[in-house]
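Coordinates from protein-v4.cif are shown below (mmCIF, C-alpha atoms).
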```cif
data_data
loop_
_atom_site.label_atom_id
_atom_site.label_comp_id
_atom_site.auth_asym_id
_atom_site.auth_seq_id
_atom_site.Cartn_x
_atom_site.Cartn_y
_atom_site.Cartn_z
CA MET U 1 -1.22 -30.99 15.55
CA SER U 2 -2.77 -32.45 12.43
CA THR U 3 -0.81 -35.67 12.98
CA ASP U 4 -2.20 -35.84 16.51
CA LEU U 5 -5.76 -35.35 15.28
CA LYS U 6 -5.36 -38.05 12.64
CA ALA U 7 -4.02 -40.46 15.26
CA THR U 8 -6.87 -39.54 17.61
CA ILE U 9 -9.52 -40.24 14.99
CA LEU U 10 -7.93 -43.53 13.92
CA HIS U 11 -7.80 -44.57 17.58
CA PHE U 12 -11.46 -43.54 17.98
CA ILE U 13 -12.48 -45.69 15.01
CA ASP U 14 -10.52 -48.69 16.23
CA GLU U 15 -11.47 -48.52 19.89
CA VAL U 16 -15.08 -47.37 19.77
CA TRP U 17 -16.56 -48.27 16.39
CA GLU U 18 -14.66 -51.47 15.65
CA LYS U 19 -13.90 -52.90 19.09
CA GLY U 20 -17.09 -51.59 20.66
CA ASN U 21 -15.45 -50.05 23.71
CA LEU U 22 -18.23 -47.56 24.36
CA ALA U 23 -16.80 -46.56 27.74
CA ALA U 24 -13.91 -44.98 25.84
CA LEU U 25 -16.20 -42.56 24.02
CA ASP U 26 -15.57 -39.89 26.65
CA GLU U 27 -11.89 -39.83 25.63
CA PHE U 28 -12.77 -38.84 22.10
CA CYS U 29 -15.87 -36.65 22.27
CA THR U 30 -16.91 -33.60 24.25
CA ALA U 31 -19.87 -33.99 26.63
CA ALA U 32 -21.97 -31.78 24.37
CA VAL U 33 -21.02 -33.55 21.15
CA ILE U 34 -23.53 -33.15 18.32
CA ARG U 35 -23.72 -35.45 15.33
CA HIS U 36 -25.65 -34.71 12.15
CA GLN U 37 -26.29 -37.46 9.63
CA PRO U 38 -29.22 -36.56 7.42
CA PRO U 39 -31.82 -37.81 6.81
CA TYR U 40 -31.68 -39.20 10.37
CA PRO U 41 -32.39 -37.10 13.47
CA THR U 42 -29.52 -35.19 15.03
CA ILE U 43 -27.73 -36.91 17.91
CA ASP U 44 -27.27 -34.54 20.79
CA GLY U 45 -24.90 -35.30 23.66
CA LEU U 46 -22.48 -38.00 24.68
CA GLU U 47 -25.03 -40.50 25.99
CA ALA U 48 -27.18 -40.23 22.88
CA PHE U 49 -24.08 -40.79 20.75
CA ARG U 50 -23.11 -43.81 22.88
CA ALA U 51 -26.59 -45.27 22.39
CA ASN U 52 -26.41 -44.63 18.65
CA ILE U 53 -23.10 -46.46 18.34
CA ALA U 54 -24.46 -49.37 20.41
CA ASP U 55 -27.52 -49.55 18.13
CA THR U 56 -25.35 -49.40 15.04
CA ARG U 57 -23.03 -52.14 16.29
CA ALA U 58 -26.06 -54.31 17.11
CA ILE U 59 -26.95 -54.17 13.40
CA TRP U 60 -23.39 -54.47 12.05
CA PRO U 61 -21.30 -56.15 14.78
CA ASP U 62 -18.30 -56.66 12.49
CA ILE U 63 -18.24 -53.05 11.31
CA LYS U 64 -14.91 -51.87 9.88
CA MET U 65 -14.00 -48.41 8.66
CA ILE U 66 -11.32 -47.79 6.07
CA VAL U 67 -10.15 -44.20 5.73
CA GLU U 68 -8.77 -43.44 2.29
CA GLU U 69 -8.09 -39.76 2.83
CA PHE U 70 -7.69 -37.29 5.68
CA ILE U 71 -7.93 -33.56 5.11
CA ILE U 72 -7.06 -31.61 8.25
CA LYS U 73 -7.25 -27.85 8.52
CA ASP U 74 -6.77 -26.31 11.93
CA GLU U 75 -9.46 -27.88 14.15
CA ILE U 76 -11.44 -29.46 11.31
CA VAL U 77 -10.91 -33.08 10.30
CA VAL U 78 -12.41 -34.40 7.08
CA MET U 79 -12.08 -38.09 6.42
CA ARG U 80 -13.48 -40.09 3.61
CA GLY U 81 -13.48 -43.79 2.84
CA PHE U 82 -15.92 -46.61 3.30
CA TRP U 83 -17.32 -48.78 6.03
CA SER U 84 -18.25 -52.40 5.74
CA GLY U 85 -20.30 -54.77 7.83
CA THR U 86 -22.67 -57.73 7.85
CA GLN U 87 -26.29 -56.97 8.67
CA THR U 88 -27.03 -59.43 11.45
CA GLY U 89 -29.49 -57.19 13.30
CA PRO U 90 -32.79 -55.66 12.14
CA LEU U 91 -32.68 -52.31 10.38
CA ARG U 92 -35.71 -50.91 12.17
CA TRP U 93 -36.23 -47.66 10.25
CA THR U 94 -36.75 -49.70 7.07
CA ASN U 95 -38.52 -52.65 8.75
CA LEU U 96 -35.78 -54.88 7.37
CA PRO U 97 -35.05 -58.07 9.33
CA PRO U 98 -31.45 -59.37 9.47
CA THR U 99 -30.40 -60.28 5.94
CA GLY U 100 -26.91 -61.60 6.69
CA LYS U 101 -25.69 -59.52 3.74
CA ALA U 102 -22.23 -57.95 3.78
CA ILE U 103 -22.15 -54.40 2.46
CA LYS U 104 -19.65 -51.65 1.76
CA VAL U 105 -20.74 -48.02 2.08
CA PRO U 106 -18.76 -44.94 1.01
CA PHE U 107 -18.76 -42.10 3.53
CA CYS U 108 -17.31 -38.71 4.28
CA GLU U 109 -17.20 -37.37 7.84
CA VAL U 110 -16.45 -33.79 8.83
CA MET U 111 -15.50 -33.28 12.46
CA HIS U 112 -15.04 -30.05 14.31
CA MET U 113 -12.58 -30.63 17.13
CA ALA U 114 -12.21 -28.80 20.45
CA ASP U 115 -9.19 -29.47 22.65
CA GLY U 116 -8.51 -32.65 20.69
CA LYS U 117 -12.04 -34.03 21.04
CA ILE U 118 -14.92 -34.26 18.58
CA ALA U 119 -17.36 -31.45 19.33
CA GLU U 120 -19.55 -31.64 16.23
CA ALA U 121 -19.65 -34.18 13.43
CA PHE U 122 -21.37 -34.23 10.08
CA GLY U 123 -21.77 -37.64 8.46
CA TYR U 124 -22.40 -38.06 4.73
CA HIS U 125 -23.02 -41.72 4.00
CA ASP U 126 -24.32 -43.43 0.87
CA ASN U 127 -27.53 -44.60 2.49
CA LEU U 128 -29.20 -45.11 -0.87
CA GLY U 129 -26.40 -47.44 -1.93
CA MET U 130 -26.64 -49.22 1.41
CA LEU U 131 -30.33 -49.96 0.87
CA ARG U 132 -29.68 -51.13 -2.67
CA GLN U 133 -27.01 -53.56 -1.45
CA LEU U 134 -29.51 -54.90 1.09
CA GLY U 135 -32.01 -55.49 -1.69
CA MET U 136 -34.15 -52.40 -1.14
CA GLY U 137 -34.53 -49.16 -3.04
CA MET C 1 -3.37 -16.85 -11.15
CA GLN C 2 0.22 -15.60 -11.31
CA ASN C 3 3.61 -16.72 -12.56
CA ASN C 4 6.47 -16.83 -10.10
CA ASP C 5 10.03 -15.53 -10.68
CA ASN C 6 10.96 -18.67 -12.58
CA GLY C 7 8.09 -18.21 -14.98
CA ASN C 8 6.30 -21.22 -13.51
CA HIS C 9 2.68 -21.16 -12.63
CA ALA C 10 2.22 -20.21 -8.96
CA PRO C 11 -0.41 -22.18 -7.08
CA MET C 12 -3.50 -20.38 -5.87
CA THR C 13 -3.52 -19.12 -2.33
CA ARG C 14 -6.29 -20.31 -0.04
CA ALA C 15 -8.11 -17.01 -0.51
CA GLU C 16 -7.85 -17.38 -4.27
CA GLN C 17 -9.07 -20.97 -4.06
CA ARG C 18 -12.14 -19.86 -2.13
CA LEU C 19 -13.01 -17.21 -4.72
CA TRP C 20 -12.31 -19.62 -7.56
CA VAL C 21 -14.50 -22.39 -6.19
CA GLN C 22 -17.32 -19.96 -5.48
CA GLN C 23 -17.01 -18.80 -9.09
CA LEU C 24 -17.20 -22.46 -10.20
CA ILE C 25 -20.43 -22.90 -8.24
CA ASP C 26 -21.92 -19.66 -9.55
CA GLU C 27 -20.96 -20.21 -13.19
CA VAL C 28 -21.37 -23.95 -13.68
CA TRP C 29 -23.81 -25.28 -11.10
CA ASN C 30 -26.01 -22.29 -10.37
CA GLY C 31 -25.53 -20.49 -13.69
CA GLY C 32 -25.66 -23.54 -15.94
CA ASN C 33 -22.93 -22.04 -18.12
CA LEU C 34 -21.42 -25.15 -19.66
CA ALA C 35 -19.19 -23.04 -21.94
CA THR C 36 -17.04 -22.30 -18.89
CA LEU C 37 -16.46 -25.96 -17.96
CA GLU C 38 -12.92 -26.04 -19.36
CA ALA C 39 -11.93 -23.15 -17.12
CA PHE C 40 -12.65 -25.20 -14.01
CA TYR C 41 -12.34 -28.88 -14.88
CA ALA C 42 -9.42 -30.87 -16.30
CA ALA C 43 -9.94 -32.79 -19.54
CA THR C 44 -9.56 -35.99 -17.51
CA ILE C 45 -12.05 -35.00 -14.81
CA LEU C 46 -13.28 -37.97 -12.80
CA ARG C 47 -16.48 -37.52 -10.78
CA ARG C 48 -17.47 -40.11 -8.21
CA GLN C 49 -20.90 -39.92 -6.59
CA PRO C 50 -21.84 -43.28 -5.08
CA PRO C 51 -23.98 -45.22 -5.73
CA PHE C 52 -23.94 -43.95 -9.32
CA PRO C 53 -21.33 -44.89 -11.93
CA PRO C 54 -18.33 -42.55 -12.17
CA VAL C 55 -18.33 -39.80 -14.78
CA GLU C 56 -15.05 -39.75 -16.69
CA GLY C 57 -13.79 -37.01 -18.98
CA LEU C 58 -15.02 -33.56 -19.84
CA ALA C 59 -17.47 -34.63 -22.56
CA ALA C 60 -19.13 -37.12 -20.20
CA TYR C 61 -19.17 -34.48 -17.48
CA ARG C 62 -20.89 -32.03 -19.83
CA ALA C 63 -23.49 -34.67 -20.74
CA PHE C 64 -24.01 -35.42 -17.05
CA LEU C 65 -24.65 -31.74 -16.29
CA THR C 66 -27.01 -31.41 -19.26
CA ASP C 67 -29.02 -34.38 -17.94
CA THR C 68 -28.95 -32.94 -14.42
CA PHE C 69 -30.25 -29.55 -15.56
CA ALA C 70 -33.02 -31.30 -17.57
CA THR C 71 -34.14 -33.08 -14.40
CA PHE C 72 -33.69 -30.26 -11.90
CA ALA C 73 -34.74 -26.67 -12.52
CA ASN C 74 -33.70 -23.74 -10.34
CA LEU C 75 -30.77 -25.77 -9.11
CA HIS C 76 -29.03 -23.84 -6.39
CA MET C 77 -25.91 -24.91 -4.58
CA VAL C 78 -24.89 -23.11 -1.41
CA ALA C 79 -21.50 -23.68 0.20
CA ASP C 80 -21.81 -22.97 3.92
CA GLU C 81 -18.23 -23.96 4.54
CA ILE C 82 -15.23 -24.05 2.22
CA ILE C 83 -12.12 -25.82 3.55
CA CYS C 84 -8.93 -25.35 1.54
CA GLU C 85 -5.87 -27.41 2.34
CA GLY C 86 -3.11 -27.77 -0.22
CA ASN C 87 -4.57 -28.89 -3.52
CA THR C 88 -7.79 -30.10 -1.92
CA VAL C 89 -10.98 -28.12 -1.41
CA VAL C 90 -13.90 -29.42 0.65
CA LEU C 91 -17.36 -27.90 0.27
CA LEU C 92 -20.16 -28.38 2.75
CA GLY C 93 -23.62 -27.04 2.21
CA THR C 94 -27.02 -27.56 0.71
CA TRP C 95 -28.30 -27.96 -2.78
CA SER C 96 -31.88 -27.40 -3.71
CA ALA C 97 -33.89 -27.68 -6.89
CA GLN C 98 -37.28 -28.40 -8.42
CA GLN C 99 -37.64 -31.84 -10.00
CA VAL C 100 -39.08 -31.07 -13.44
CA GLY C 101 -37.86 -34.16 -15.28
CA PRO C 102 -38.18 -37.88 -14.57
CA LEU C 103 -35.74 -39.37 -12.07
CA VAL C 104 -35.24 -42.71 -13.79
CA TRP C 105 -33.08 -44.41 -11.13
CA ALA C 106 -35.76 -43.69 -8.50
CA ASN C 107 -38.69 -44.62 -10.78
CA LEU C 108 -40.08 -41.15 -10.29
CA PRO C 109 -41.90 -39.14 -12.95
CA ALA C 110 -41.52 -35.36 -12.91
CA THR C 111 -43.07 -34.37 -9.58
CA GLY C 112 -42.59 -30.60 -9.72
CA LYS C 113 -41.53 -30.81 -6.10
CA VAL C 114 -38.87 -28.64 -4.54
CA PHE C 115 -36.33 -30.22 -2.23
CA ALA C 116 -33.16 -29.31 -0.35
CA VAL C 117 -30.50 -31.76 0.79
CA PRO C 118 -27.08 -31.49 2.41
CA TYR C 119 -23.93 -32.37 0.50
CA CYS C 120 -20.20 -32.67 0.95
CA THR C 121 -17.86 -32.43 -2.00
CA VAL C 122 -14.12 -33.06 -2.04
CA LEU C 123 -12.29 -31.46 -4.97
CA HIS C 124 -8.75 -32.42 -5.90
CA LEU C 125 -6.99 -29.77 -7.95
CA GLN C 126 -4.04 -29.79 -10.28
CA ASP C 127 -2.86 -26.74 -12.22
CA ASP C 128 -5.86 -24.84 -10.86
CA LYS C 129 -8.41 -27.25 -12.29
CA VAL C 130 -10.49 -29.99 -10.74
CA PHE C 131 -9.27 -33.41 -11.81
CA GLU C 132 -11.24 -35.44 -9.26
CA GLU C 133 -14.59 -34.65 -7.66
CA LEU C 134 -15.92 -36.85 -4.85
CA VAL C 135 -19.54 -36.09 -4.05
CA TYR C 136 -21.58 -37.21 -1.05
CA VAL C 137 -25.22 -36.15 -1.26
CA ASP C 138 -28.16 -37.22 0.87
CA GLN C 139 -29.84 -39.00 -2.06
CA LEU C 140 -32.06 -40.97 0.29
CA GLY C 141 -33.34 -37.75 1.85
CA MET C 142 -33.94 -36.32 -1.60
CA VAL C 143 -36.04 -39.31 -2.67
CA GLN C 144 -37.95 -39.20 0.61
CA GLN C 145 -38.78 -35.52 0.01
CA LEU C 146 -39.83 -36.18 -3.59
CA ARG C 147 -42.05 -39.10 -2.59
CA SER C 148 -43.65 -37.41 0.40
CA GLY C 149 -47.17 -36.02 0.36
#
```
Rewrite the structure from the file as structure tokens, please.
Amino acid sequence: MSTDLKATILHFIDEVWEKGNLAALDEFCTAAVIRHQPPYPTIDGLEAFRANIADTRAIWPDIKMIVEEFIIKDEIVVMRGFWSGTQTGPLRWTNLPPTGKAIKVPFCEVMHMADGKIAEAFGYHDNLGMLRQLGMG
Amino acid sequence: MQNNDNGNHAPMTRAEQRLWVQQLIDEVWNGGNLATLEAFYAATILRRQPPFPPVEGLAAYRAFLTDTFATFANLHMVADEIICEGNTVVLLGTWSAQQVGPLVWANLPATGKVFAVPYCTVLHLQDDKVFEELVYVDQLGMVQQLRSG
């Protein structure tokens, strides 16, 4: 089971986040998926999550995620690693125009799975470090 | 903590790990009892909390905690969820405190403000001690709360 969940999450990263196949999101998330990533507002529902990924990819179109560690216990998947990308779109919440800078951000994600799909996710990303790499903060 | 039939040290069960890590939080982080550090952390402890430099070794860890307690009073860490799998423990929750000392890296003088931010910590254990601590805290949210108003 844990091997299946690891494969599912790696497929999710590759297909949705890196290749940008947003139509495939339904394969990986429940309709009522909730994502928390403080200090940003909670994302509630599949369409909101799809829009969030589209927005994110518009800022970092070459986004890549490297997972250094998976910790899987029953229906909970914890993964930690880093994501990288080049900021070619504006970062609106900071009023930052495209900088063209490539950054690398450590993260840890905790996902609660239901029937093999992500039902609730908690994202812990080094947003402070991200801003510093972009020349802010 | 028990020895098995061969006289070797038996690893903690998940239930024991949960109690142990809660004790770590109560004693070290919430209690500020630095005399108990050796009971929980290996001599070679490595703490990573991006974007800050790593903290390496028990003496550096003790100095880091001393600095932290000088900056933040009434520090309180709550673990809402404790996930134990093998020699890894994951903590999810909130930590709160009052900023009573300057926060140099944020260019903030002592504000006296109280804040609460979510965190996720991954602990890697060996011989019932933490040898690696990977910490993900909403530092941006903390600074936003300290600068608000």
Notebook entry, point to check: Near Val77 (chain U), within 7 Å and counting all atoms listed in the file, which residues show up once chain neighbours fewer than 6 positions away are dropped, as a ChimeraX atom specification?
Noted result: /U:71,110-112
Using all atoms listed in the file and a distance of at most 6 Å, pull out the residues of chain C that contact chain U, as an mmCIF file with C-alpha atoms, in the coordinates of the input.
```cif
data_model
loop_
_atom_site.group_PDB
_atom_site.id
_atom_site.type_symbol
_atom_site.label_atom_id
_atom_site.label_comp_id
_atom_site.auth_asym_id
_atom_site.auth_seq_id
_atom_site.Cartn_x
_atom_site.Cartn_y
_atom_site.Cartn_z
ATOM 1 C CA PRO C 51 -23.980 -45.220 -5.730
ATOM 2 C CA TYR C 136 -21.580 -37.210 -1.050
ATOM 3 C CA LEU C 140 -32.060 -40.970 0.290
ATOM 4 C CA GLY C 141 -33.340 -37.750 1.850
#
```
Return as a PDB file with C-alpha atoms, in the frame of the given file the set of residues that the PyMOL selection byres ((chain C and resi 74-76) around 12) yields on the displayed structure.
```pdb
ATOM      1  CA  ILE C  25     -20.430 -22.900  -8.240  1.00  0.00           C
ATOM      2  CA  ASP C  26     -21.920 -19.660  -9.550  1.00  0.00           C
ATOM      3  CA  GLU C  27     -20.960 -20.210 -13.190  1.00  0.00           C
ATOM      4  CA  VAL C  28     -21.370 -23.950 -13.680  1.00  0.00           C
ATOM      5  CA  TRP C  29     -23.810 -25.280 -11.100  1.00  0.00           C
ATOM      6  CA  ASN C  30     -26.010 -22.290 -10.370  1.00  0.00           C
ATOM      7  CA  GLY C  31     -25.530 -20.490 -13.690  1.00  0.00           C
ATOM      8  CA  GLY C  32     -25.660 -23.540 -15.940  1.00  0.00           C
ATOM      9  CA  LEU C  65     -24.650 -31.740 -16.290  1.00  0.00           C
ATOM     10  CA  THR C  68     -28.950 -32.940 -14.420  1.00  0.00           C
ATOM     11  CA  PHE C  69     -30.250 -29.550 -15.560  1.00  0.00           C
ATOM     12  CA  ALA C  70     -33.020 -31.300 -17.570  1.00  0.00           C
ATOM     13  CA  THR C  71     -34.140 -33.080 -14.400  1.00  0.00           C
ATOM     14  CA  PHE C  72     -33.690 -30.260 -11.900  1.00  0.00           C
ATOM     15  CA  ALA C  73     -34.740 -26.670 -12.520  1.00  0.00           C
ATOM     16  CA  MET C  77     -25.910 -24.910  -4.580  1.00  0.00           C
ATOM     17  CA  VAL C  78     -24.890 -23.110  -1.410  1.00  0.00           C
ATOM     18  CA  ALA C  79     -21.500 -23.680   0.200  1.00  0.00           C
ATOM     19  CA  GLY C  93     -23.620 -27.040   2.210  1.00  0.00           C
ATOM     20  CA  THR C  94     -27.020 -27.560   0.710  1.00  0.00           C
ATOM     21  CA  TRP C  95     -28.300 -27.960  -2.780  1.00  0.00           C
ATOM     22  CA  SER C  96     -31.880 -27.400  -3.710  1.00  0.00           C
ATOM     23  CA  ALA C  97     -33.890 -27.680  -6.890  1.00  0.00           C
ATOM     24  CA  GLN C  98     -37.280 -28.400  -8.420  1.00  0.00           C
ATOM     25  CA  GLN C  99     -37.640 -31.840 -10.000  1.00  0.00           C
ATOM     26  CA  VAL C 100     -39.080 -31.070 -13.440  1.00  0.00           C
ATOM     27  CA  GLY C 112     -42.590 -30.600  -9.720  1.00  0.00           C
ATOM     28  CA  LYS C 113     -41.530 -30.810  -6.100  1.00  0.00           C
ATOM     29  CA  VAL C 114     -38.870 -28.640  -4.540  1.00  0.00           C
ATOM     30  CA  PHE C 115     -36.330 -30.220  -2.230  1.00  0.00           C
ATOM     31  CA  ALA C 116     -33.160 -29.310  -0.350  1.00  0.00           C
ATOM     32  CA  VAL C 117     -30.500 -31.760   0.790  1.00  0.00           C
ATOM     33  CA  PRO C 118     -27.080 -31.490   2.410  1.00  0.00           C
TER      34      PRO C 118
END
```
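Take CA of Pro53 (chain C) and CA of Leu134 (chain C): the distance between them is 12.0 Å.
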Next item on the list: Check which residues satisfy the PyMOL selection byres ((chain C and resi 59) around 12) in the file shown, then give them as an MDAnalysis selection string.
Entry: chainID C and resid 34:35 37:38 41:46 55:58 60:66
Check: Hey, can you check how far CA of Met136 (chain U) sits from CA of Arg35 (chain U)?
Finding: 25.8 Å
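Taking CA of Trp60 (chain U) as the reference point, CA of Lys19 (chain U) is found at 11.9 Å.
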